[in-house]
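Participant: Below is a structure I'd like to ask you about.
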Amino acid sequence: MFDYLLRGGHIVDGTGLPWFTADLAILGDRIAAIGHLSQAEARTILDVTGLVVSPGFVDTHVHGDLALLVDPDHEPAIRQGVTTYVLGQDGVAFAPASDTTLEYMRRYTAGFNGNFPTPELRWHSVAEFLQLFHRRCALNVCTLVPNGNLRMEVLGLDPRPATPGELEQMRCLLRSGLEEGAVGLSSGLDYVPSLYADVRELSSLCEVLTDYGGIYVTHMRGYTPEKAPGALEEVFAIGRHAGCPVHVSHFNCLARQTLPLLEAARRQNIDITFDLYCYLYGSTIVAMLTLPAELLAGGIDATCERLQRPEIRRQLETAFAQPRFPIETIRLSSLPHPEWRQYEGCLLVEACRQAYRLETPPTLRQLVDFTCDLLIATELAAGCVIRHFAQRQEQDILELMRSPWMMAGSDGIFVGSHPHPRGFGCFARYLGHHVRHNHWTLEEAVSKCAWHGARRFGLALRGQIREGWFADLAVFDPITLTDHATYDHGTALATGMHHVFVNGEPVLLHGQRTGARPGRALRRGQR
């Protein structure tokens, strides 16, 4: 007798092949049978006629590390059919980490990772971190080793290149993390201290990956038309030297400029892929957008001290006059300070105008003073949503979506009252809006939301519907699956998902949460 029998669904198996009608049986944590099972018996039988039965989706880039620990039921993911998170992103995350490194990463990344309190949980190693999720949350997790953590453990916040001895220490820490189950290495070359890593350091670390089949995942040094070609060449150089697969996070680039570069790299046997969310606006921390890298040296307290100096504020007027990103589009999403939280959801310029009770737009000096005071009050943890850059259009998203090297990743952020909608809506938007508008076929959408990511990150027996594979499944109505999260209401949950199974257990049944937490800590290649 089977545990569950799903009758009459449209099976979209993740391979990209056309859907077919069949029954699907679950026994334990596996898919036990697929086919005509009219005589089969099961403890629970679900009629899924007319619904799509697909593999559960893999979010290949998401900032759910601490959010999932404090919200283990995590409806934003489950309501979209996401059954696995890839954590440890952008080179600045939470394991491996000494107490000093963890305190820094908690404070520095609070604007996008959220400094959620976890007083009863302690960890240092990758193994200890992964164990915190195992059978304790509603979805599976795997993790990358962040390059910034390795640097913190060995060099602290020193901005210099690593010595050969220090580099060997980082290689040893990376090797330990991979042996404990990490699926690869991440870097965030806009974030302190990962931004201090050079090609030599990253290539040397990536050599370690080749012994474990791991992948190098990078928030590269720039995505604008001016910076993307050079940033990509750095990624290619690392892959070429180390011989490992390389992957670019949240590929917010001009399609016509960058896709030919990827194609040329692959012709040179560089195994390059990327993930993408389907929005023209991004989300990050205000400090990264508004402060030159040299002001961030030495950590949060040192930066806040500098921002109080009048001469530094005068210097920042020049930076604000020629910003890296359009400052007028910065919308404050998360301000973890009681006196400043009132400005969440406001444009930075509008918040400044309100604070100074101005009837006209603020001057450059007023905007600099307001921003510095905001960053000091929030200890650089102010989060924001921002337009990528003016040249990038919806057509770029569609062209990148069609690339064979693309896979889905929400870059979801779960902090503040006005988060970017991608964490609550990206996968539902891919499977709903973009499929119904014929930007993808349903089969392409499922493959790029499930199998492509599972295969790329070495998640064995996941990402496809096959007998003997793990029963991570999403059952949904392709006509009604809809994302509702917007820039004004970023926490609105998706609708249209009927059932979701994780390791054979339903976490969503008939559209209702079951309370089950069968998620597992996944290790590369683990069966």
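Letters A, B, ... mark the chains of the structure tokens in the order given; residue numbers begin at 1 per chain; ligand numbers begin at 1, in order shown.
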Any idea what's packed within 7 Å of A:Gly525, counting only C-alpha atoms, ignoring anything in its chain fewer than 3 positions away? Could you give it as a VMD selection string?
Facilitator: chain A and resid 458 to 460
Participant: Would you pick out the contacts of stretch 294-298 of chain A at 12 Å or less, using only C-alpha atoms, so that residues sharing its chain but fewer than 5 positions from it are not included, and give the list as a count of residues only?
Facilitator: 35
Participant: Calculated over only C-alpha atoms, which of the candidates A:Glu166, A:Glu180, A:Asp29, A:Asp23 has the smallest distance to A:Val502?
Facilitator: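 With only C-alpha atoms as the atom set, the closest residue is A:Asp29.
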Participant: DSSP on the backbone, strand (DSSP E or B) only: what residues of stretch 220-335 of chain A does that give? Format it as a PyMOL selection string.
Facilitator: chain A and resi 246-248+272-276+281-285+331-334
Participant: Include N, CA, C and O atoms and write out the residues we just selected as an mmCIF file, in the first residue's frame.
Facilitator:
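See part05.cif below for the written result:
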```cif
data_model
loop_
_atom_site.group_PDB
_atom_site.id
_atom_site.type_symbol
_atom_site.label_atom_id
_atom_site.label_comp_id
_atom_site.auth_asym_id
_atom_site.auth_seq_id
_atom_site.Cartn_x
_atom_site.Cartn_y
_atom_site.Cartn_z
ATOM 1 N N VAL A 246 31.426 27.536 -13.026
ATOM 2 C CA VAL A 246 31.236 28.865 -12.453
ATOM 3 C C VAL A 246 29.820 29.331 -12.742
ATOM 4 O O VAL A 246 29.226 28.983 -13.770
ATOM 5 N N HIS A 247 29.296 30.139 -11.825
ATOM 6 C CA HIS A 247 27.883 30.510 -11.886
ATOM 7 C C HIS A 247 27.745 31.944 -11.382
ATOM 8 O O HIS A 247 28.272 32.287 -10.319
ATOM 9 N N VAL A 248 27.036 32.784 -12.136
ATOM 10 C CA VAL A 248 26.845 34.185 -11.766
ATOM 11 C C VAL A 248 25.475 34.365 -11.126
ATOM 12 O O VAL A 248 24.449 33.960 -11.688
ATOM 13 N N ILE A 272 29.870 27.829 -17.622
ATOM 14 C CA ILE A 272 29.272 29.007 -17.012
ATOM 15 C C ILE A 272 27.754 28.944 -17.087
ATOM 16 O O ILE A 272 27.180 28.577 -18.119
ATOM 17 N N THR A 273 27.080 29.288 -15.995
ATOM 18 C CA THR A 273 25.623 29.419 -15.943
ATOM 19 C C THR A 273 25.285 30.643 -15.101
ATOM 20 O O THR A 273 26.174 31.297 -14.540
ATOM 21 N N PHE A 274 23.991 30.942 -14.995
ATOM 22 C CA PHE A 274 23.577 32.069 -14.155
ATOM 23 C C PHE A 274 22.153 31.843 -13.655
ATOM 24 O O PHE A 274 21.399 31.052 -14.221
ATOM 25 N N ASP A 275 21.816 32.551 -12.567
ATOM 26 C CA ASP A 275 20.431 32.564 -12.107
ATOM 27 C C ASP A 275 19.846 33.954 -12.307
ATOM 28 O O ASP A 275 20.576 34.940 -12.497
ATOM 29 N N LEU A 276 18.531 34.032 -12.272
ATOM 30 C CA LEU A 276 17.842 35.268 -12.634
ATOM 31 C C LEU A 276 16.508 35.355 -11.909
ATOM 32 O O LEU A 276 15.820 34.357 -11.758
ATOM 33 N N TYR A 281 13.730 45.751 -10.909
ATOM 34 C CA TYR A 281 14.291 46.377 -9.721
ATOM 35 C C TYR A 281 15.023 45.324 -8.896
ATOM 36 O O TYR A 281 14.647 44.150 -8.883
ATOM 37 N N GLY A 282 16.070 45.755 -8.204
ATOM 38 C CA GLY A 282 16.818 44.876 -7.329
ATOM 39 C C GLY A 282 16.688 45.323 -5.880
ATOM 40 O O GLY A 282 15.938 46.254 -5.566
ATOM 41 N N SER A 283 17.452 44.680 -4.993
ATOM 42 C CA SER A 283 17.396 45.008 -3.575
ATOM 43 C C SER A 283 18.744 44.728 -2.940
ATOM 44 O O SER A 283 19.372 43.708 -3.225
ATOM 45 N N THR A 284 19.199 45.639 -2.093
ATOM 46 C CA THR A 284 20.490 45.472 -1.435
ATOM 47 C C THR A 284 20.516 46.373 -0.203
ATOM 48 O O THR A 284 19.460 46.773 0.303
ATOM 49 N N ILE A 285 21.701 46.719 0.260
ATOM 50 C CA ILE A 285 21.823 47.613 1.404
ATOM 51 C C ILE A 285 22.209 49.014 0.921
ATOM 52 O O ILE A 285 22.952 49.178 -0.044
ATOM 53 N N ARG A 331 14.367 53.039 -2.806
ATOM 54 C CA ARG A 331 13.213 52.972 -1.905
ATOM 55 C C ARG A 331 13.620 52.192 -0.664
ATOM 56 O O ARG A 331 14.110 51.069 -0.754
ATOM 57 N N LEU A 332 13.405 52.758 0.506
ATOM 58 C CA LEU A 332 13.810 52.145 1.764
ATOM 59 C C LEU A 332 12.876 50.986 2.097
ATOM 60 O O LEU A 332 11.662 51.171 2.179
ATOM 61 N N SER A 333 13.443 49.812 2.295
ATOM 62 C CA SER A 333 12.623 48.621 2.532
ATOM 63 C C SER A 333 12.698 48.128 3.966
ATOM 64 O O SER A 333 11.737 47.572 4.492
ATOM 65 N N SER A 334 13.854 48.320 4.599
ATOM 66 C CA SER A 334 14.055 47.795 5.952
ATOM 67 C C SER A 334 14.951 48.750 6.730
ATOM 68 O O SER A 334 16.097 48.992 6.335
#
```
Participant: So that I can check the surroundings of A:Leu400, please list as a ChimeraX atom specification every protein, DNA and RNA residue that reaches within 7 Å of it, counting only C-alpha atoms and ignoring chain neighbours fewer than 4 positions away.
Facilitator: /A:255,396,406
Participant: Keeping only all heavy atoms, write those residues as a short mmCIF file (atom, residue, chain, number, x, y, z; two decimals), in the first residue's frame.
Facilitator:
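Below is the file part.cif, written as the result:
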```cif
data_model
loop_
_atom_site.label_atom_id
_atom_site.label_comp_id
_atom_site.auth_asym_id
_atom_site.auth_seq_id
_atom_site.Cartn_x
_atom_site.Cartn_y
_atom_site.Cartn_z
N ALA A 255 21.09 41.84 -21.97
CA ALA A 255 21.17 40.55 -22.65
C ALA A 255 22.05 40.62 -23.89
O ALA A 255 22.91 39.77 -24.13
CB ALA A 255 19.77 40.06 -23.01
N ASP A 396 15.17 42.49 -21.87
CA ASP A 396 16.39 41.84 -21.39
C ASP A 396 16.07 40.64 -20.53
O ASP A 396 16.70 39.58 -20.64
CB ASP A 396 17.25 42.84 -20.59
CG ASP A 396 17.89 43.90 -21.47
OD1 ASP A 396 18.81 43.55 -22.23
OD2 ASP A 396 17.44 45.05 -21.42
N MET A 406 20.36 29.69 -18.13
CA MET A 406 19.63 30.37 -17.08
C MET A 406 18.87 29.38 -16.20
O MET A 406 18.37 28.36 -16.66
CB MET A 406 18.65 31.36 -17.71
CG MET A 406 17.71 32.06 -16.72
SD MET A 406 16.16 31.15 -16.53
CE MET A 406 15.39 32.08 -15.19
#
```
Participant: Measuring atom to atom with only C-alpha atoms, identify which of A:Gly88, A:Pro164, A:Pro260, A:Pro478 is nearest to A:His433.
Facilitator: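 Nearest candidate to A:His433 out of A:Gly88, A:Pro164, A:Pro260, A:Pro478: A:Pro478.
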Participant: Write out as a CSV table (one decimal) with N, CA and C atoms, in the first residue's frame each polymer residue whose atoms come within 7 Å of A:Val199, counting only C-alpha atoms; drop sequence neighbours fewer than 3 positions from it.
Facilitator:
```csv
chain,number,residue,atom,x,y,z
A,202,LEU,N,40.8,33.8,-5.4
A,202,LEU,CA,39.6,33.0,-5.8
A,202,LEU,C,39.9,31.8,-6.6
A,203,SER,N,40.9,32.0,-7.5
A,203,SER,CA,41.3,30.8,-8.3
A,203,SER,C,41.9,29.7,-7.5
A,234,GLU,N,36.6,38.2,-15.3
A,234,GLU,CA,37.2,37.7,-14.1
A,234,GLU,C,36.6,36.4,-13.7
A,238,ILE,N,38.7,32.7,-13.6
A,238,ILE,CA,38.7,31.8,-12.4
A,238,ILE,C,38.3,30.4,-12.8
```
Participant: List the neighbours of stretch 5-21 of chain A out to 7 Å using only C-alpha atoms; skip same-chain residues closer than 5 positions along the sequence, and give me the result as a list in words.
Facilitator: Ile26, Ala42, Thr44, Ile45, Leu46, Asp47, Val48, Thr49, Gly50, Leu51, Val52, Val53, Ser54, Pro55, Glu443, Glu444, Val446, Ser447, Ala450, Trp451, Gly463, Gln464 and Ile465 of chain A
Participant: For the residues selected in the previous step, produce a file with C-alpha atoms as a PDB file, in the first residue's frame.
Facilitator:
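Result written to part18.pdb:
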```pdb
ATOM      1  CA  ILE A  26       4.495   8.058  -2.976  1.00  0.00           C
ATOM      2  CA  ALA A  42      -3.058   4.150  -0.772  1.00  0.00           C
ATOM      3  CA  THR A  44      -4.555   8.937   1.014  1.00  0.00           C
ATOM      4  CA  ILE A  45      -5.802   9.383  -2.546  1.00  0.00           C
ATOM      5  CA  LEU A  46      -5.813  12.836  -4.136  1.00  0.00           C
ATOM      6  CA  ASP A  47      -7.694  13.592  -7.331  1.00  0.00           C
ATOM      7  CA  VAL A  48      -5.420  16.015  -9.212  1.00  0.00           C
ATOM      8  CA  THR A  49      -7.191  15.845 -12.568  1.00  0.00           C
ATOM      9  CA  GLY A  50      -6.429  18.951 -14.593  1.00  0.00           C
ATOM     10  CA  LEU A  51      -3.646  20.041 -12.248  1.00  0.00           C
ATOM     11  CA  VAL A  52       0.077  20.082 -12.982  1.00  0.00           C
ATOM     12  CA  VAL A  53       2.254  17.723 -10.953  1.00  0.00           C
ATOM     13  CA  SER A  54       5.863  18.897 -11.116  1.00  0.00           C
ATOM     14  CA  PRO A  55       9.087  18.481  -9.167  1.00  0.00           C
ATOM     15  CA  GLU A 443       7.805  22.445 -19.528  1.00  0.00           C
ATOM     16  CA  GLU A 444      10.626  24.985 -19.921  1.00  0.00           C
ATOM     17  CA  VAL A 446       9.482  23.696 -14.654  1.00  0.00           C
ATOM     18  CA  SER A 447      12.858  22.581 -15.948  1.00  0.00           C
ATOM     19  CA  ALA A 450      13.560  22.667 -10.682  1.00  0.00           C
ATOM     20  CA  TRP A 451      15.884  20.319 -12.546  1.00  0.00           C
ATOM     21  CA  GLY A 463      14.491  18.135  -9.550  1.00  0.00           C
ATOM     22  CA  GLN A 464      12.749  15.519 -11.711  1.00  0.00           C
ATOM     23  CA  ILE A 465       9.756  13.227 -11.379  1.00  0.00           C
TER      24      ILE A 465
END
```
Participant: Mind giving me the straight-line distance from atom CA of A:Gly148 to atom CA of A:Met170 in Å, one decimal?
Facilitator: 10.2 Å
Participant: I need the residue nearest A:Cys142 from this list: A:Leu102, A:Val475, A:Val368, A:Val86. Use only C-alpha atoms for the distance.
Facilitator: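 The closest residue to A:Cys142 is A:Val86.
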